[in-house]
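Peer 1: My questions will all concern the structure given below.
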Amino acid sequence: TEVCPGGGRTGGCGVDRAMIYTFYIFGRGRKLLCREEWNRTKPCADVAEETKLISGLLITLKSFAQQMGPPKTTGFVSYSTPQYKMHAFDTLTGYRFVLTTDAGVPDQQENLRHIYCELFVEHVLKNPLYNLGEDVSRCPAFVSKLHGYMQTRPFFATLAA
C-alpha cells in the first residue's frame, strides 16, 4: 500500500478508485488564497509549512521546465510520482490553481481552467465584497460551487465509498 501526500491510499486498502486530495489557489507573490482538501486520513500538522513546500515545489518545477523544455516553455501542467500527481494551471493574471490527485487521475487542465473561468472569476473576482488578495473563503458561493463541481467529477471518490 502506498501513502499519498494527501493522506489517501491506493492499492491494498480497498480503495481502487482515483481520488483528489487537495486544491490550492495561489495569488501573486505566492500568497495562498484558498486551500481545500478531501480524502485526507492524516491531518496536516502545519498548513503553513505544507503551503510553503507546495509553493516551493511549483516554483522549482516551473524553473526546471523552462530550462529543460523547448524554447518558449512557460511552465508545466502536471508532475507525477507513483503515489500522486500534481496538476497546475497558471492564469495570465498571476493566479495558480493546483490540484493534487491519485497518480491514476488523467490531465486536469480543463477542470482547473473551468474552476478559474466559471467559478473563481464569477464568484470571487466579480464579487464586489471581495478585495483582491484576500482569503477566498470569504466568498462562500465560490467554496460551495467548488465543492459541488469537484464532487461531480468522475475521479472524485471518498475513502468511505
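For the C-alpha cells, the naming scheme is as follows: chains receive sequential letters (A, B, ...) according to their order of presentation, residues are indexed from 1 within each chain, and ligands are indexed from 1 in presentation order.
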Tell me, which residues of segment 14-161 of chain A carry DSSP alpha helix (DSSP H), written as a VMD selection string?
Peer 2: chain A and resid 47 to 68 109 to 114 140 to 151
Peer 1: Per residue of segment 26-53 of chain A within 10 Å of segment 89-95 of chain A, record the nearest atom pair and its distance in Å to one decimal, counting only C-alpha atoms, with rows in chain order and ascending residue number, as CSV.
Peer 2:
```
residue,atom,partner,partner_atom,distance
A:Phe26,CA,A:Tyr95,CA,5.7
A:Gly27,CA,A:Tyr95,CA,4.7
A:Arg28,CA,A:Gly94,CA,5.6
A:Gly29,CA,A:Gly94,CA,8.8
A:Arg30,CA,A:Tyr95,CA,8.8
A:Lys31,CA,A:Tyr95,CA,9.5
A:Leu32,CA,A:Tyr95,CA,9.9
A:Leu33,CA,A:Tyr95,CA,9.4
```
Peer 1: Export C-alpha atoms of the chosen residues as a PDB file, in the first residue's frame?
Peer 2:
```pdb
ATOM      1  CA  PHE A  26      -2.064  30.913  -5.071  1.00  0.00           C
ATOM      2  CA  GLY A  27      -2.138  34.615  -5.845  1.00  0.00           C
ATOM      3  CA  ARG A  28       0.621  36.967  -6.772  1.00  0.00           C
ATOM      4  CA  GLY A  29       3.651  36.695  -4.541  1.00  0.00           C
ATOM      5  CA  ARG A  30       2.884  33.018  -3.821  1.00  0.00           C
ATOM      6  CA  LYS A  31       0.175  34.014  -1.323  1.00  0.00           C
ATOM      7  CA  LEU A  32      -2.229  31.194  -0.535  1.00  0.00           C
ATOM      8  CA  LEU A  33      -5.783  32.325  -1.262  1.00  0.00           C
TER       9      LEU A  33
END
```
Peer 1: Segment 61-125 of chain A: which residues are strand (DSSP E) by DSSP, as a PyMOL selection string?
Peer 2: chain A and resi 78-80+84-90+96-102
Peer 1: Could you write those residues out with N, CA and C atoms, as a PDB file, in the first residue's frame?
Peer 2:
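Generated output (again-v4.pdb):
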```
ATOM      1  N   SER A  78       1.634  19.187 -15.202  1.00  0.00           N
ATOM      2  CA  SER A  78       1.476  18.178 -14.154  1.00  0.00           C
ATOM      3  C   SER A  78       2.825  17.554 -13.820  1.00  0.00           C
ATOM      4  N   TYR A  79       2.848  16.977 -12.638  1.00  0.00           N
ATOM      5  CA  TYR A  79       4.052  16.335 -12.110  1.00  0.00           C
ATOM      6  C   TYR A  79       3.567  15.059 -11.447  1.00  0.00           C
ATOM      7  N   SER A  80       4.157  13.913 -11.817  1.00  0.00           N
ATOM      8  CA  SER A  80       3.685  12.631 -11.291  1.00  0.00           C
ATOM      9  C   SER A  80       4.760  11.882 -10.531  1.00  0.00           C
ATOM     10  N   TYR A  84       1.265  10.021  -6.275  1.00  0.00           N
ATOM     11  CA  TYR A  84       0.330  11.120  -6.503  1.00  0.00           C
ATOM     12  C   TYR A  84       0.697  11.887  -7.764  1.00  0.00           C
ATOM     13  N   LYS A  85      -0.201  12.798  -8.143  1.00  0.00           N
ATOM     14  CA  LYS A  85       0.018  13.647  -9.302  1.00  0.00           C
ATOM     15  C   LYS A  85      -0.386  15.069  -8.918  1.00  0.00           C
ATOM     16  N   MET A  86       0.437  16.027  -9.286  1.00  0.00           N
ATOM     17  CA  MET A  86       0.134  17.429  -9.057  1.00  0.00           C
ATOM     18  C   MET A  86      -0.169  18.080 -10.398  1.00  0.00           C
ATOM     19  N   HIS A  87      -1.334  18.694 -10.492  1.00  0.00           N
ATOM     20  CA  HIS A  87      -1.776  19.382 -11.698  1.00  0.00           C
ATOM     21  C   HIS A  87      -1.728  20.882 -11.413  1.00  0.00           C
ATOM     22  N   ALA A  88      -1.235  21.671 -12.356  1.00  0.00           N
ATOM     23  CA  ALA A  88      -1.148  23.115 -12.146  1.00  0.00           C
ATOM     24  C   ALA A  88      -1.665  23.857 -13.364  1.00  0.00           C
ATOM     25  N   PHE A  89      -2.335  24.964 -13.103  1.00  0.00           N
ATOM     26  CA  PHE A  89      -2.845  25.834 -14.158  1.00  0.00           C
ATOM     27  C   PHE A  89      -2.523  27.265 -13.763  1.00  0.00           C
ATOM     28  N   ASP A  90      -1.731  27.947 -14.589  1.00  0.00           N
ATOM     29  CA  ASP A  90      -1.367  29.339 -14.340  1.00  0.00           C
ATOM     30  C   ASP A  90      -2.215  30.241 -15.221  1.00  0.00           C
ATOM     31  N   ARG A  96      -2.421  30.878  -9.655  1.00  0.00           N
ATOM     32  CA  ARG A  96      -2.014  29.498  -9.928  1.00  0.00           C
ATOM     33  C   ARG A  96      -2.993  28.574  -9.203  1.00  0.00           C
ATOM     34  N   PHE A  97      -3.633  27.701  -9.977  1.00  0.00           N
ATOM     35  CA  PHE A  97      -4.583  26.736  -9.448  1.00  0.00           C
ATOM     36  C   PHE A  97      -3.908  25.372  -9.449  1.00  0.00           C
ATOM     37  N   VAL A  98      -3.959  24.677  -8.322  1.00  0.00           N
ATOM     38  CA  VAL A  98      -3.219  23.430  -8.150  1.00  0.00           C
ATOM     39  C   VAL A  98      -4.151  22.372  -7.565  1.00  0.00           C
ATOM     40  N   LEU A  99      -4.041  21.181  -8.091  1.00  0.00           N
ATOM     41  CA  LEU A  99      -4.830  20.056  -7.613  1.00  0.00           C
ATOM     42  C   LEU A  99      -3.892  18.876  -7.426  1.00  0.00           C
ATOM     43  N   THR A 100      -3.926  18.240  -6.260  1.00  0.00           N
ATOM     44  CA  THR A 100      -3.168  17.004  -6.077  1.00  0.00           C
ATOM     45  C   THR A 100      -4.168  15.855  -6.094  1.00  0.00           C
ATOM     46  N   THR A 101      -3.797  14.799  -6.807  1.00  0.00           N
ATOM     47  CA  THR A 101      -4.697  13.668  -7.005  1.00  0.00           C
ATOM     48  C   THR A 101      -3.915  12.366  -6.903  1.00  0.00           C
ATOM     49  N   ASP A 102      -4.655  11.297  -6.962  1.00  0.00           N
ATOM     50  CA  ASP A 102      -4.062   9.981  -7.121  1.00  0.00           C
ATOM     51  C   ASP A 102      -3.320   9.968  -8.456  1.00  0.00           C
TER      52      ASP A 102
END
```
Peer 1: If we count only C-alpha atoms and set the cut-off at 12 Å, which residues sit around His147 of chain A, ignoring sequence neighbours fewer than 3 positions away in its own chain? Please answer as a PDB file with C-alpha atoms, in the first residue's frame.
Peer 2:
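Result saved to out-v6.pdb:
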```
ATOM      1  CA  ILE A  20      -8.452  14.006  -5.409  1.00  0.00           C
ATOM      2  CA  THR A  22      -6.028  18.865  -2.146  1.00  0.00           C
ATOM      3  CA  PHE A  23      -6.816  22.026  -4.080  1.00  0.00           C
ATOM      4  CA  ARG A  35      -6.920  25.508   0.314  1.00  0.00           C
ATOM      5  CA  GLU A  36      -9.451  22.685   0.307  1.00  0.00           C
ATOM      6  CA  GLU A  37      -8.876  19.004   0.972  1.00  0.00           C
ATOM      7  CA  TRP A  38     -10.676  15.713   0.528  1.00  0.00           C
ATOM      8  CA  ILE A 115     -12.725  26.381 -11.923  1.00  0.00           C
ATOM      9  CA  LEU A 119     -16.226  29.668 -10.597  1.00  0.00           C
ATOM     10  CA  PRO A 140     -18.920  31.186   0.399  1.00  0.00           C
ATOM     11  CA  ALA A 141     -20.633  30.908  -3.002  1.00  0.00           C
ATOM     12  CA  PHE A 142     -17.272  30.047  -4.588  1.00  0.00           C
ATOM     13  CA  VAL A 143     -16.412  27.443  -1.942  1.00  0.00           C
ATOM     14  CA  SER A 144     -19.849  25.856  -2.264  1.00  0.00           C
ATOM     15  CA  MET A 150     -15.461  18.598  -7.633  1.00  0.00           C
ATOM     16  CA  GLN A 151     -17.986  16.060  -6.364  1.00  0.00           C
ATOM     17  CA  THR A 152     -19.383  15.675  -9.892  1.00  0.00           C
ATOM     18  CA  ARG A 153     -16.001  14.849 -11.418  1.00  0.00           C
ATOM     19  CA  PHE A 156     -13.943  12.171  -7.231  1.00  0.00           C
TER      20      PHE A 156
END
```
Peer 1: Would you kindly return, as a ChimeraX atom specification, each protein, DNA or RNA residue with an atom no farther than 8 Å from any atom of segment 63-65 of chain A, considering only C-alpha atoms and excluding same-chain residues fewer than 4 positions away?
Peer 2: /A:59,69,73-76
